[in-house]
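J.: Contents are mmCIF, C-alpha atoms; file name final_32.cif:
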data_protein
#
loop_
_atom_site.label_atom_id
_atom_site.label_comp_id
_atom_site.auth_asym_id
_atom_site.auth_seq_id
_atom_site.Cartn_x
_atom_site.Cartn_y
_atom_site.Cartn_z
CA MET A 1 -10.58 71.84 -17.52
CA VAL A 2 -9.88 72.17 -21.25
CA PRO A 3 -7.14 69.47 -21.44
CA THR A 4 -9.38 67.03 -19.54
CA LEU A 5 -12.28 67.73 -21.88
CA ILE A 6 -10.11 67.31 -25.00
CA ILE A 7 -8.57 64.03 -23.82
CA SER A 8 -11.99 62.67 -22.78
CA ILE A 9 -13.66 63.60 -26.07
CA LEU A 10 -10.78 62.16 -28.10
CA THR A 11 -10.96 58.93 -26.09
CA PHE A 12 -14.71 58.62 -26.64
CA LEU A 13 -14.32 59.40 -30.35
CA LEU A 14 -11.52 56.87 -30.84
CA ILE A 15 -13.50 54.20 -28.99
CA THR A 16 -16.42 54.74 -31.38
CA LEU A 17 -14.15 54.68 -34.45
CA SER A 18 -12.42 51.52 -33.21
CA ILE A 19 -15.76 49.76 -32.79
CA LEU A 20 -16.73 50.71 -36.36
CA PHE A 21 -13.46 50.18 -38.23
CA PHE A 22 -10.96 48.15 -36.19
CA PRO A 23 -12.81 46.41 -33.34
CA THR A 24 -10.06 43.87 -32.61
CA ILE A 25 -6.31 43.42 -32.91
CA ARG A 26 -4.38 40.18 -32.92
CA ILE A 27 -1.29 39.69 -30.77
CA GLY A 28 0.08 36.24 -31.56
CA LYS A 29 -2.84 33.85 -31.13
CA VAL A 30 -4.76 36.24 -28.89
CA ARG A 31 -7.44 38.56 -30.27
CA LEU A 32 -8.13 41.65 -28.17
CA GLY A 33 -10.85 44.28 -28.37
CA THR A 34 -9.46 47.72 -29.17
CA TYR A 35 -12.19 49.66 -27.37
CA TRP A 36 -10.87 48.91 -23.88
CA ILE A 37 -7.23 49.49 -24.88
CA ILE A 38 -8.10 53.00 -26.11
CA ALA A 39 -10.06 53.69 -22.92
CA LEU A 40 -7.10 52.48 -20.84
CA ILE A 41 -4.68 54.76 -22.71
CA GLY A 42 -6.99 57.75 -22.15
CA ALA A 43 -7.24 56.97 -18.43
CA VAL A 44 -3.46 56.54 -18.07
CA ILE A 45 -2.83 59.92 -19.77
CA LEU A 46 -5.24 61.63 -17.36
CA LEU A 47 -3.52 59.97 -14.39
CA CYS A 48 -0.01 60.78 -15.60
CA PHE A 49 -0.79 64.48 -15.95
CA SER A 50 -2.72 64.55 -12.62
CA LEU A 51 -5.90 65.60 -14.44
CA ALA A 52 -7.47 62.71 -12.57
CA PRO A 53 -5.53 62.77 -9.27
CA ILE A 54 -4.52 59.29 -8.13
CA GLY A 55 -5.65 60.18 -4.61
CA GLU A 56 -9.19 60.94 -5.83
CA VAL A 57 -9.35 57.76 -7.90
CA TRP A 58 -8.04 55.64 -5.01
CA LYS A 59 -10.52 57.25 -2.63
CA GLU A 60 -13.43 56.27 -4.90
CA LEU A 61 -12.10 52.75 -5.46
CA THR A 62 -11.73 52.09 -1.72
CA SER A 63 -14.88 53.87 -0.56
CA ASP A 64 -17.48 51.90 1.38
CA SER A 65 -20.31 53.23 -0.77
CA SER A 66 -22.71 51.15 -2.84
CA VAL A 67 -21.44 52.87 -5.99
CA ASN A 68 -17.91 51.54 -5.51
CA PRO A 69 -16.96 50.31 -9.01
CA LEU A 70 -15.23 47.20 -7.65
CA LYS A 71 -18.44 46.09 -5.91
CA ILE A 72 -20.42 46.67 -9.10
CA ILE A 73 -17.92 44.62 -11.13
CA ILE A 74 -18.29 41.76 -8.62
CA LEU A 75 -22.08 41.96 -8.83
CA PHE A 76 -22.09 41.98 -12.63
CA PHE A 77 -19.59 39.15 -13.05
CA SER A 78 -21.29 37.01 -10.42
CA MET A 79 -24.66 37.30 -12.14
CA THR A 80 -23.02 36.72 -15.53
CA LEU A 81 -21.36 33.55 -14.24
CA LEU A 82 -24.70 32.15 -13.07
CA SER A 83 -26.21 32.78 -16.52
CA VAL A 84 -23.19 31.52 -18.50
CA PHE A 85 -23.19 28.28 -16.49
CA LEU A 86 -26.79 27.59 -17.53
CA ASP A 87 -25.85 28.41 -21.11
CA GLU A 88 -22.98 25.89 -20.93
CA VAL A 89 -25.37 23.25 -19.65
CA GLY A 90 -27.41 23.88 -22.80
CA LEU A 91 -30.56 25.37 -21.28
CA PHE A 92 -30.91 28.38 -23.60
CA LYS A 93 -30.25 26.48 -26.82
CA HIS A 94 -32.62 23.73 -25.71
CA LEU A 95 -35.39 26.26 -25.09
CA ALA A 96 -34.75 27.92 -28.47
CA ILE A 97 -35.03 24.61 -30.32
CA VAL A 98 -38.20 23.68 -28.41
CA ALA A 99 -39.62 27.08 -29.42
CA ALA A 100 -38.73 26.41 -33.06
CA LYS A 101 -40.47 23.04 -32.95
CA LYS A 102 -43.59 24.55 -31.36
CA ALA A 103 -43.88 26.95 -34.29
CA ASN A 104 -45.43 24.18 -36.39
CA LYS A 105 -44.13 25.53 -39.76
CA ASN A 106 -45.63 28.96 -39.06
CA GLN A 107 -43.27 31.97 -39.00
CA TYR A 108 -45.78 34.14 -37.17
CA THR A 109 -45.89 31.62 -34.34
CA LEU A 110 -42.11 31.18 -34.34
CA PHE A 111 -41.56 34.95 -34.26
CA THR A 112 -43.96 35.33 -31.31
CA VAL A 113 -42.52 32.42 -29.33
CA LEU A 114 -38.90 33.49 -29.84
CA TYR A 115 -39.69 37.07 -28.86
CA LEU A 116 -41.43 35.94 -25.67
CA LEU A 117 -38.62 33.51 -24.88
CA THR A 118 -35.97 36.20 -25.41
CA ALA A 119 -37.93 38.61 -23.21
CA THR A 120 -38.43 36.08 -20.41
CA LEU A 121 -34.82 34.91 -20.31
CA THR A 122 -33.55 38.50 -20.44
CA VAL A 123 -35.61 39.44 -17.39
CA PHE A 124 -34.12 36.66 -15.27
CA THR A 125 -30.57 36.61 -16.66
CA SER A 126 -29.19 39.55 -18.67
CA ASN A 127 -29.35 41.01 -22.17
CA ASP A 128 -25.71 40.19 -22.99
CA ILE A 129 -26.11 36.48 -22.19
CA VAL A 130 -29.27 36.16 -24.30
CA ILE A 131 -27.65 37.93 -27.27
CA LEU A 132 -24.51 35.79 -27.04
CA THR A 133 -26.63 32.63 -26.93
CA PHE A 134 -29.50 33.29 -29.32
CA THR A 135 -27.75 35.20 -32.12
CA PRO A 136 -25.75 32.18 -33.41
CA PHE A 137 -28.84 29.97 -33.08
CA ILE A 138 -31.00 32.39 -35.11
CA CYS A 139 -28.37 32.67 -37.86
CA PHE A 140 -27.98 28.88 -38.03
CA PHE A 141 -31.70 28.11 -37.86
CA CYS A 142 -32.72 30.67 -40.50
CA LYS A 143 -29.99 29.49 -42.88
CA ASN A 144 -31.12 25.87 -42.57
CA SER A 145 -34.79 26.76 -42.87
CA LYS A 146 -34.11 29.09 -45.84
CA ILE A 147 -35.91 32.06 -44.26
CA ASN A 148 -34.90 35.69 -43.82
CA PRO A 149 -33.04 36.09 -40.49
CA ILE A 150 -33.50 39.88 -40.27
CA PRO A 151 -36.91 39.87 -38.48
CA TYR A 152 -35.61 37.48 -35.83
CA LEU A 153 -32.28 39.25 -35.32
CA VAL A 154 -33.94 42.65 -34.96
CA ALA A 155 -36.60 41.25 -32.61
CA GLU A 156 -34.03 39.40 -30.50
CA PHE A 157 -31.76 42.43 -30.08
CA ALA A 158 -34.62 44.84 -29.43
CA ALA A 159 -36.31 42.51 -26.94
CA ALA A 160 -33.07 41.82 -25.07
CA ASN A 161 -32.38 45.55 -24.66
CA THR A 162 -35.96 46.44 -23.72
CA TRP A 163 -36.89 43.70 -21.26
CA SER A 164 -33.50 44.17 -19.57
CA LEU A 165 -35.17 47.23 -18.02
CA MET A 166 -37.42 45.08 -15.81
CA LEU A 167 -34.90 44.10 -13.10
CA ILE A 168 -31.82 45.83 -11.77
CA ILE A 169 -29.62 42.89 -12.87
CA GLY A 170 -30.72 43.02 -16.52
CA ASN A 171 -27.91 45.30 -17.65
CA PRO A 172 -24.67 46.55 -16.06
CA THR A 173 -25.91 50.09 -16.68
CA ASN A 174 -28.97 49.38 -14.52
CA ILE A 175 -26.71 48.13 -11.75
CA TYR A 176 -24.42 51.14 -11.79
CA LEU A 177 -27.04 53.87 -12.09
CA ALA A 178 -29.53 52.35 -9.63
CA THR A 179 -26.83 51.53 -7.09
CA SER A 180 -25.39 55.04 -7.31
CA ALA A 181 -28.83 56.44 -6.49
CA HIS A 182 -29.29 53.94 -3.59
CA ILE A 183 -32.28 52.33 -5.31
CA GLY A 184 -33.09 48.86 -3.95
CA PHE A 185 -33.97 45.75 -5.96
CA PHE A 186 -37.70 45.72 -5.17
CA GLU A 187 -38.02 49.51 -5.31
CA TYR A 188 -36.48 49.43 -8.78
CA PHE A 189 -38.89 46.71 -9.93
CA GLN A 190 -41.92 48.62 -8.66
CA VAL A 191 -41.10 51.67 -10.77
CA MET A 192 -39.69 49.97 -13.89
CA ALA A 193 -42.18 47.09 -14.30
CA LEU A 194 -44.90 49.16 -16.01
CA PRO A 195 -42.57 51.09 -18.39
CA THR A 196 -40.93 47.80 -19.41
CA LEU A 197 -44.24 46.05 -19.98
CA ALA A 198 -45.66 48.97 -22.00
CA ALA A 199 -42.49 49.31 -24.07
CA GLY A 200 -42.42 45.56 -24.70
CA ILE A 201 -46.03 45.42 -25.90
CA VAL A 202 -45.60 48.41 -28.23
CA GLU A 203 -42.28 47.01 -29.47
CA PHE A 204 -43.68 43.59 -30.34
CA SER A 205 -46.68 45.13 -32.12
CA LEU A 206 -44.40 47.43 -34.11
CA LEU A 207 -42.02 44.61 -35.05
CA PHE A 208 -44.91 42.35 -36.06
CA ILE A 209 -46.32 45.03 -38.38
CA LEU A 210 -42.87 45.90 -39.73
CA PHE A 211 -42.01 42.31 -40.69
CA ARG A 212 -45.45 40.85 -41.44
CA LYS A 213 -44.67 40.31 -45.16
CA LYS A 214 -41.34 38.58 -44.50
CA LEU A 215 -43.00 36.35 -41.88
CA SER A 216 -45.64 35.18 -44.34
CA GLU A 217 -43.09 33.00 -46.16
CA PRO A 218 -43.19 29.23 -45.52
CA LEU A 219 -41.03 27.67 -42.82
CA GLN A 220 -39.33 24.29 -42.88
CA PRO A 221 -39.68 22.29 -39.66
CA CYS A 222 -36.76 22.25 -37.21
CA GLU A 223 -35.09 18.84 -37.14
CA GLU A 224 -32.25 19.64 -34.72
CA GLU A 225 -32.25 18.04 -31.28
CA CYS A 226 -30.61 19.51 -28.19
CA PRO A 227 -31.42 17.45 -25.10
CA ILE A 228 -30.02 18.49 -21.73
CA GLN A 229 -27.11 16.09 -21.24
CA ASN A 230 -26.52 16.79 -17.54
CA LYS A 231 -29.74 17.39 -15.63
CA VAL A 232 -27.90 17.50 -12.30
CA ALA A 233 -25.85 20.48 -13.53
CA LEU A 234 -29.03 22.12 -14.86
CA VAL A 235 -30.80 21.78 -11.50
CA LEU A 236 -27.69 23.01 -9.68
CA GLY A 237 -27.48 26.10 -11.88
CA LEU A 238 -31.20 26.87 -11.61
CA ILE A 239 -31.19 26.51 -7.82
CA HIS A 240 -28.36 29.01 -7.49
CA LEU A 241 -29.91 31.49 -9.95
CA VAL A 242 -33.36 31.36 -8.31
CA THR A 243 -31.84 31.60 -4.82
CA CYS A 244 -29.81 34.60 -5.89
CA LEU A 245 -32.86 36.33 -7.37
CA VAL A 246 -34.94 35.72 -4.22
CA PHE A 247 -32.28 37.17 -1.93
CA LEU A 248 -31.73 40.13 -4.27
CA ILE A 249 -35.45 40.89 -4.04
CA ILE A 250 -35.37 40.96 -0.23
CA SER A 251 -31.86 42.44 0.02
CA SER A 252 -33.07 45.85 1.17
CA TYR A 253 -35.19 44.24 3.91
CA ILE A 254 -32.40 42.06 5.31
CA ASN A 255 -29.80 44.83 4.89
CA ALA A 256 -27.53 42.68 2.71
CA PRO A 257 -25.57 44.31 -0.15
CA MET A 258 -26.50 42.93 -3.56
CA TRP A 259 -22.88 42.39 -4.57
CA ILE A 260 -22.28 40.13 -1.56
CA ILE A 261 -25.41 38.08 -2.29
CA ALA A 262 -24.42 37.58 -5.93
CA ALA A 263 -20.80 36.79 -5.01
CA ILE A 264 -21.85 34.15 -2.46
CA CYS A 265 -24.22 32.47 -4.95
CA ALA A 266 -21.61 32.46 -7.73
CA THR A 267 -18.92 31.10 -5.41
CA SER A 268 -21.29 28.44 -4.09
CA LEU A 269 -22.10 27.35 -7.65
CA LEU A 270 -18.41 27.07 -8.54
CA LEU A 271 -17.62 25.05 -5.41
CA SER A 272 -20.64 22.75 -5.63
CA ALA A 273 -20.11 22.11 -9.36
CA THR A 274 -16.44 21.34 -8.72
CA LEU A 275 -17.34 18.95 -5.87
CA MET A 276 -19.91 17.21 -8.08
CA CYS A 277 -17.20 16.75 -10.69
CA VAL A 278 -14.89 15.17 -8.08
CA PHE A 279 -17.48 12.87 -6.50
CA THR A 280 -19.09 11.68 -9.75
CA LYS A 281 -15.68 11.35 -11.43
CA LYS A 282 -17.19 12.77 -14.61
CA ASP A 283 -15.66 15.43 -16.82
CA TRP A 284 -17.72 18.48 -15.90
CA ASN A 285 -16.30 21.15 -18.19
CA TYR A 286 -19.08 23.61 -17.37
CA VAL A 287 -17.10 25.45 -14.70
CA GLY A 288 -13.96 25.91 -16.80
CA ASN A 289 -15.90 26.92 -19.91
CA SER A 290 -18.04 29.36 -17.92
CA LEU A 291 -14.98 31.05 -16.45
CA LYS A 292 -13.39 31.28 -19.91
CA LYS A 293 -16.49 32.97 -21.39
CA LEU A 294 -16.74 35.77 -18.84
CA PRO A 295 -16.24 39.22 -20.47
CA TYR A 296 -12.96 40.05 -18.70
CA GLN A 297 -12.19 42.92 -21.08
CA LEU A 298 -15.04 44.81 -19.43
CA ILE A 299 -12.93 45.21 -16.28
CA PRO A 300 -10.21 47.50 -17.71
CA PHE A 301 -12.82 49.27 -19.85
CA PHE A 302 -15.12 49.92 -16.89
CA LEU A 303 -12.30 51.08 -14.60
CA SER A 304 -10.77 53.27 -17.32
CA MET A 305 -14.08 54.99 -17.99
CA PHE A 306 -14.47 55.43 -14.24
CA VAL A 307 -11.11 57.25 -14.13
CA ILE A 308 -12.23 59.54 -16.98
CA VAL A 309 -15.44 60.39 -15.14
CA VAL A 310 -13.47 61.10 -11.94
CA ALA A 311 -11.38 63.54 -14.00
CA LEU A 312 -14.52 65.20 -15.41
CA ASN A 313 -15.94 65.54 -11.89
CA TYR A 314 -12.67 66.85 -10.45
CA GLN A 315 -12.40 69.51 -13.15
CA GLY A 316 -16.04 70.58 -12.65
CA ILE A 317 -17.16 69.51 -16.13
CA SER A 318 -19.85 67.13 -14.83
CA HIS A 319 -21.35 70.00 -12.84
CA LYS A 320 -21.56 72.12 -15.99
CA ILE A 321 -23.35 69.30 -17.84
CA ALA A 322 -25.80 68.87 -14.93
CA GLU A 323 -26.57 72.61 -15.01
CA PHE A 324 -27.23 72.39 -18.75
CA LEU A 325 -29.67 69.47 -18.32
CA GLY A 326 -31.45 71.29 -15.48
CA THR A 327 -33.86 69.94 -12.87
CA SER A 328 -37.20 70.34 -14.68
CA ASN A 329 -38.76 67.69 -16.94
CA VAL A 330 -35.95 65.33 -15.89
CA ILE A 331 -37.69 62.25 -17.32
CA TRP A 332 -37.54 63.65 -20.84
CA THR A 333 -34.24 65.55 -20.63
CA TYR A 334 -32.30 62.73 -18.94
CA GLY A 335 -34.13 60.00 -20.85
CA PHE A 336 -33.49 61.31 -24.35
CA SER A 337 -30.06 62.78 -23.61
CA SER A 338 -28.83 59.45 -22.19
CA PHE A 339 -30.34 57.70 -25.20
CA PHE A 340 -28.26 59.77 -27.64
CA VAL A 341 -25.14 60.06 -25.45
CA SER A 342 -25.05 56.24 -25.21
CA ASN A 343 -24.56 56.17 -28.96
CA LEU A 344 -21.84 58.79 -28.82
CA ILE A 345 -19.70 57.28 -26.07
CA ASN A 346 -21.29 53.82 -25.38
CA ASN A 347 -23.82 53.22 -22.60
CA ILE A 348 -21.33 52.08 -19.94
CA PRO A 349 -19.31 55.33 -19.81
CA MET A 350 -22.58 57.21 -20.24
CA SER A 351 -23.93 55.51 -17.10
CA ILE A 352 -20.80 56.25 -15.10
CA LEU A 353 -21.00 59.89 -16.18
CA TYR A 354 -24.75 60.22 -15.53
CA SER A 355 -24.48 58.65 -12.07
CA ASP A 356 -23.06 62.02 -10.93
CA LEU A 357 -25.44 64.10 -13.03
CA CYS A 358 -28.85 62.73 -12.08
CA ALA A 359 -30.64 65.25 -9.90
CA ASN A 360 -32.95 62.69 -8.24
CA PRO A 361 -34.06 59.02 -8.50
CA VAL A 362 -36.57 59.88 -11.25
CA ALA A 363 -33.77 61.23 -13.42
CA THR A 364 -31.84 58.03 -12.69
CA TYR A 365 -34.72 55.87 -13.90
CA ALA A 366 -34.96 57.97 -17.06
CA ALA A 367 -31.22 57.59 -17.69
CA ILE A 368 -31.56 53.82 -17.22
CA VAL A 369 -34.28 53.75 -19.88
CA GLY A 370 -32.04 55.71 -22.25
CA SER A 371 -29.03 53.47 -21.60
CA ASN A 372 -30.98 50.29 -22.41
CA ILE A 373 -33.06 51.36 -25.37
CA GLY A 374 -30.23 53.49 -26.78
CA ALA A 375 -28.36 50.22 -27.28
CA PHE A 376 -30.36 49.36 -30.40
CA LEU A 377 -30.11 52.67 -32.24
CA THR A 378 -26.53 52.03 -33.44
CA PRO A 379 -24.02 49.17 -32.88
CA THR A 380 -21.83 51.52 -30.84
CA GLY A 381 -24.53 52.17 -28.26
CA ALA A 382 -23.59 49.20 -26.09
CA LEU A 383 -21.14 46.33 -25.85
CA ALA A 384 -24.11 44.09 -26.66
CA GLY A 385 -24.24 45.76 -30.09
CA ILE A 386 -20.55 45.12 -30.63
CA MET A 387 -20.95 41.42 -29.74
CA PHE A 388 -24.10 41.15 -31.85
CA THR A 389 -22.55 42.55 -35.05
CA HIS A 390 -19.46 40.38 -34.55
CA LEU A 391 -21.57 37.22 -34.18
CA VAL A 392 -23.73 38.05 -37.20
CA ASN A 393 -20.68 38.62 -39.41
CA GLU A 394 -19.05 35.48 -38.06
CA HIS A 395 -22.04 33.43 -39.24
CA GLU A 396 -21.98 35.07 -42.69
CA THR A 397 -25.38 36.70 -42.28
CA LYS A 398 -25.88 39.95 -44.18
CA TYR A 399 -26.78 42.64 -41.66
CA THR A 400 -24.98 45.89 -42.42
CA PHE A 401 -24.28 48.94 -40.28
CA GLY A 402 -26.97 50.74 -42.31
CA ASP A 403 -29.49 47.97 -41.58
CA PHE A 404 -28.77 48.24 -37.86
CA ILE A 405 -29.38 52.02 -37.83
CA LYS A 406 -32.44 51.79 -40.10
CA TYR A 407 -34.28 49.24 -37.98
CA GLY A 408 -32.85 50.74 -34.79
CA ALA A 409 -34.32 54.16 -35.52
CA ILE A 410 -37.71 52.73 -36.56
CA VAL A 411 -38.02 50.71 -33.37
CA SER A 412 -36.07 52.55 -30.66
CA LEU A 413 -37.57 56.04 -30.99
CA PRO A 414 -41.23 55.01 -30.41
CA ILE A 415 -40.14 52.60 -27.68
CA ILE A 416 -38.20 55.13 -25.62
CA ALA A 417 -41.08 57.60 -25.95
CA THR A 418 -43.47 54.92 -24.65
CA ALA A 419 -41.20 53.88 -21.78
CA LEU A 420 -40.60 57.47 -20.64
CA LEU A 421 -44.30 58.34 -20.88
CA VAL A 422 -45.26 55.39 -18.66
CA LEU A 423 -42.30 56.11 -16.37
CA SER A 424 -43.75 59.57 -15.71
CA PHE A 425 -46.84 57.78 -14.37
CA SER A 426 -45.21 54.92 -12.46
CA SER A 427 -42.58 57.11 -10.80
CA ASN A 428 -45.37 59.27 -9.34
CA LEU A 429 -47.38 56.19 -8.37
CA PHE A 430 -44.56 54.75 -6.25
CA ALA A 431 -42.95 58.02 -5.11
#
How would this structure read if it were set down as structure tokens?

T.:
Amino acid sequence: MVPTLIISILTFLLITLSILFFPTIRIGKVRLGTYWIIALIGAVILLCFSLAPIGEVWKELTSDSSVNPLKIIILFFSMTLLSVFLDEVGLFKHLAIVAAKKANKNQYTLFTVLYLLTATLTVFTSNDIVILTFTPFICFFCKNSKINPIPYLVAEFAAANTWSLMLIIGNPTNIYLATSAHIGFFEYFQVMALPTLAAGIVEFSLLFILFRKKLSEPLQPCEEECPIQNKVALVLGLIHLVTCLVFLIISSYINAPMWIIAAICATSLLLSATLMCVFTKKDWNYVGNSLKKLPYQLIPFFLSMFVIVVALNYQGISHKIAEFLGTSNVIWTYGFSSFFVSNLINNIPMSILYSDLCANPVATYAAIVGSNIGAFLTPTGALAGIMFTHLVNEHETKYTFGDFIKYGAIVSLPIIATALLVLSFSSNLFA
């Protein structure tokens, strides 16, 4: 037990330090994230010393359960592909520029519109896609308009990691935890809709008060244009995304696994887009670019963390943690503990670990709240935070580690309290 615990803690600690001090390494012309390499090394050590028996790991990887990590990877990547395709078509940037134009030289209006747009797109796509798309736009737009980007960056990141609570597909942590507890798409929405709505309203009000002075400064009108160049591709992408969402909603009623639905829709989009490229004889680079932009480094990271959790379970450590958390007041104990643990070891390994700890579905919902909102306490709380800080630095926008924690603490603590309070009501309402 002790060797497993030491190796696991060292792996988690080194992952956090790598994110803070050496997030990437360059091998030739290829730049790789260090976080997944460290996780892979930790998993290999556990396997080599039989602390995570290969038989146990293989059994979990080949199991026919809904929590099978390979099925969850397929579900996540399929939904990500649908969203990235729409991003490649230019939908998200187009909507952002339209929002900027609708602001009519008023920062209060712009702030409100961009927050609502971020929230809406996050609900129907995912938090990672919105952050990848909107962060560069915000940095560019604020620089050109000579306004402070901090209010918009904080609002974007907070909104993306709050409204991602609404649907099961909003965050890979939602997918893993809900699937492990056998929670269906519609059942999840019933319980999480009210906590998300309440948290979103409180969050926007808090952000508006926090940045009201900065938003009072004048705004130059947005002159950039971003028309949709290929409306056929846009319609094709929207049809597949909407179809996928509809079938995910009714998946529990038609007894169809969510990962199969998402995989079919993603495959159909790839095939139909490729056929359109052949028949129209036009250079449709959306498919190739979408495939290139998928976060492939998540695969070894996710599987490595899965191996570490198998080791913790096999050695009985997970059981000890579950005993410590107890079975009373699970909304508050699992909600706040997952919130802080996400920032110690990142929310993906936290979710894999908590999937075996949660005493009941209510505890699972609470852990989901913690995994999402914990993402904006520190940059290490989620991969979204890592991508966000990288993009901000890349666009030469001053937003330090201290700024992230300062605004993260101000916003995230009241928001998680609100979400958990409303969850205690909604979980009883739909029990």

J.: Could you jot down the atom CA of Ile348 of chain A to atom CA of Pro361 of chain A separation for me, Å, one decimal place?

T.: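 Result for atom CA of Ile348 of chain A versus atom CA of Pro361 of chain A: 18.5 Å, one decimal.
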
J.: Given the file shown, determine the residues that the PyMOL selection byres ((chain A and resi 72) around 12) selects; report them as JSON, numbers by chain.

T.: {"A": [61, 65, 66, 67, 68, 69, 70, 71, 73, 74, 75, 76, 77, 78, 79, 168, 169, 171, 172, 173, 174, 175, 176, 177, 178, 179, 180, 257, 258, 259, 260, 262, 263, 298, 299, 302, 303, 306, 352]}

J.: When you look at Leu377 of chain A with a cut-off of 12 Å (counting all atoms listed in the file), what residues show up, excluding the ones that are within fewer than 4 positions of it in the same chain? I need them as a PyMOL selection string.

T.: chain A and resi 154+157-158+161+339-344+346-347+370-373+381-382+384-385+401-416

J.: Please report as a tab-separated table every residue of segment 20-110 of chain A lying within 9 Å of segment 292-295 of chain A, along with the nearest atom pair and their distance in Å (one decimal), using all atoms listed in the file.

T.:
residue	atom	partner	partner_atom	distance
A:Phe77	CA	A:Leu294	CA	7.3
A:Thr80	CA	A:Leu294	CA	7.2
A:Leu81	CA	A:Leu294	CA	6.9
A:Val84	CA	A:Lys293	CA	7.4

J.: How far is it from atom CA of Ile25 of chain A to atom CA of Ile38 of chain A, in Å with one decimal?

T.: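 Atom CA of Ile38 of chain A lies 11.9 Å from atom CA of Ile25 of chain A.
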
J.: Could you spell out the hits of the PyMOL selection byres ((chain A and resi 110) around 10) on the shown file, as a list in words?

T.: Ala96, Ala99, Ala100, Lys101, Lys102, Ala103, Asn104, Lys105, Asn106, Gln107, Tyr108, Thr109, Phe111, Thr112, Val113, Leu114, Tyr115, Leu116, Tyr152, Leu215 and Leu219 of chain A

J.: Given the file above and the PyMOL selection byres ((chain A and resi 15) around 8), which residues are selected, and can you give them as a list in words?

T.: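 When the PyMOL selection byres ((chain A and resi 15) around 8) is applied, the selected residues are Thr11, Phe12, Leu13, Leu14, Thr16, Leu17, Ser18, Ile19, Thr34, Tyr35, Trp36, Ile38, Ala39 and Ile345 of chain A.
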
J.: In terms of the shortest atom-to-atom distance over only C-alpha atoms, which of A:Ala199, A:Leu312, A:Leu121, A:Ile249 is closest to Ile9 of chain A?

T.: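 Residue with the minimum atom-to-atom distance to Ile9 of chain A: A:Leu312.
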
J.: Would you compute the distance between atom CA of Ile150 of chain A and atom CA of Phe124 of chain A? Give it in Å to one decimal.

T.: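 According to the coordinates, atom CA of Ile150 of chain A and atom CA of Phe124 of chain A are separated by 25.2 Å.
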
J.: In terms of the shortest atom-to-atom distance over only C-alpha atoms, which of A:Leu207, A:Leu10, A:Ile228, A:Val30 is closest to Leu95 of chain A?

T.: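 Selected residue with least distance to Leu95 of chain A: A:Ile228.
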
J.: Would you please work out which residue, of A:Leu132, A:Val44, A:Ala419, A:Leu91, is nearest to Gln229 of chain A when using only C-alpha atoms?

T.: A:Leu91

J.: Which of these, A:Phe134, A:Ile254, A:Leu51, A:Gln220, has the shortest distance to Asn313 of chain A once you count all atoms listed in the file?

T.: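 Closest residue, counting all atoms listed in the file: A:Leu51.
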
J.: Quick one: of A:Thr4, A:Thr397, A:Asn329, A:Ser427, who's nearest to Cys139 of chain A, counting all atoms listed in the file?

T.: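 Among the listed residues, A:Thr397 lies closest to Cys139 of chain A.
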
J.: Given the block above, output segment 14-40 of chain A with C-alpha atoms as a JSON list (two decimals), in the first residue's frame.

T.:
[["chain", "number", "residue", "atom", "x", "y", "z"],
["A", 14, "LEU", "CA", 5.28, 16.24, -10.53],
["A", 15, "ILE", "CA", 2.32, 16.74, -12.87],
["A", 16, "THR", "CA", 1.38, 19.91, -10.97],
["A", 17, "LEU", "CA", 4.97, 21.19, -10.96],
["A", 18, "SER", "CA", 5.33, 20.46, -14.68],
["A", 19, "ILE", "CA", 2.19, 22.44, -15.46],
["A", 20, "LEU", "CA", 3.55, 25.40, -13.46],
["A", 21, "PHE", "CA", 7.22, 25.40, -14.45],
["A", 22, "PHE", "CA", 7.87, 23.25, -17.53],
["A", 23, "PRO", "CA", 4.55, 22.57, -19.28],
["A", 24, "THR", "CA", 6.10, 21.50, -22.60],
["A", 25, "ILE", "CA", 9.27, 19.98, -24.02],
["A", 26, "ARG", "CA", 10.49, 20.17, -27.58],
["A", 27, "ILE", "CA", 11.72, 17.08, -29.43],
["A", 28, "GLY", "CA", 12.93, 18.23, -32.84],
["A", 29, "LYS", "CA", 10.06, 20.22, -34.33],
["A", 30, "VAL", "CA", 7.46, 18.58, -32.08],
["A", 31, "ARG", "CA", 6.32, 20.21, -28.83],
["A", 32, "LEU", "CA", 4.88, 17.82, -26.26],
["A", 33, "GLY", "CA", 3.07, 18.42, -22.99],
["A", 34, "THR", "CA", 5.02, 17.13, -20.00],
["A", 35, "TYR", "CA", 1.97, 16.41, -17.84],
["A", 36, "TRP", "CA", 0.97, 13.26, -19.74],
["A", 37, "ILE", "CA", 4.57, 12.00, -20.00],
["A", 38, "ILE", "CA", 4.93, 12.16, -16.21],
["A", 39, "ALA", "CA", 1.59, 10.41, -15.75],
["A", 40, "LEU", "CA", 2.67, 7.70, -18.20]]
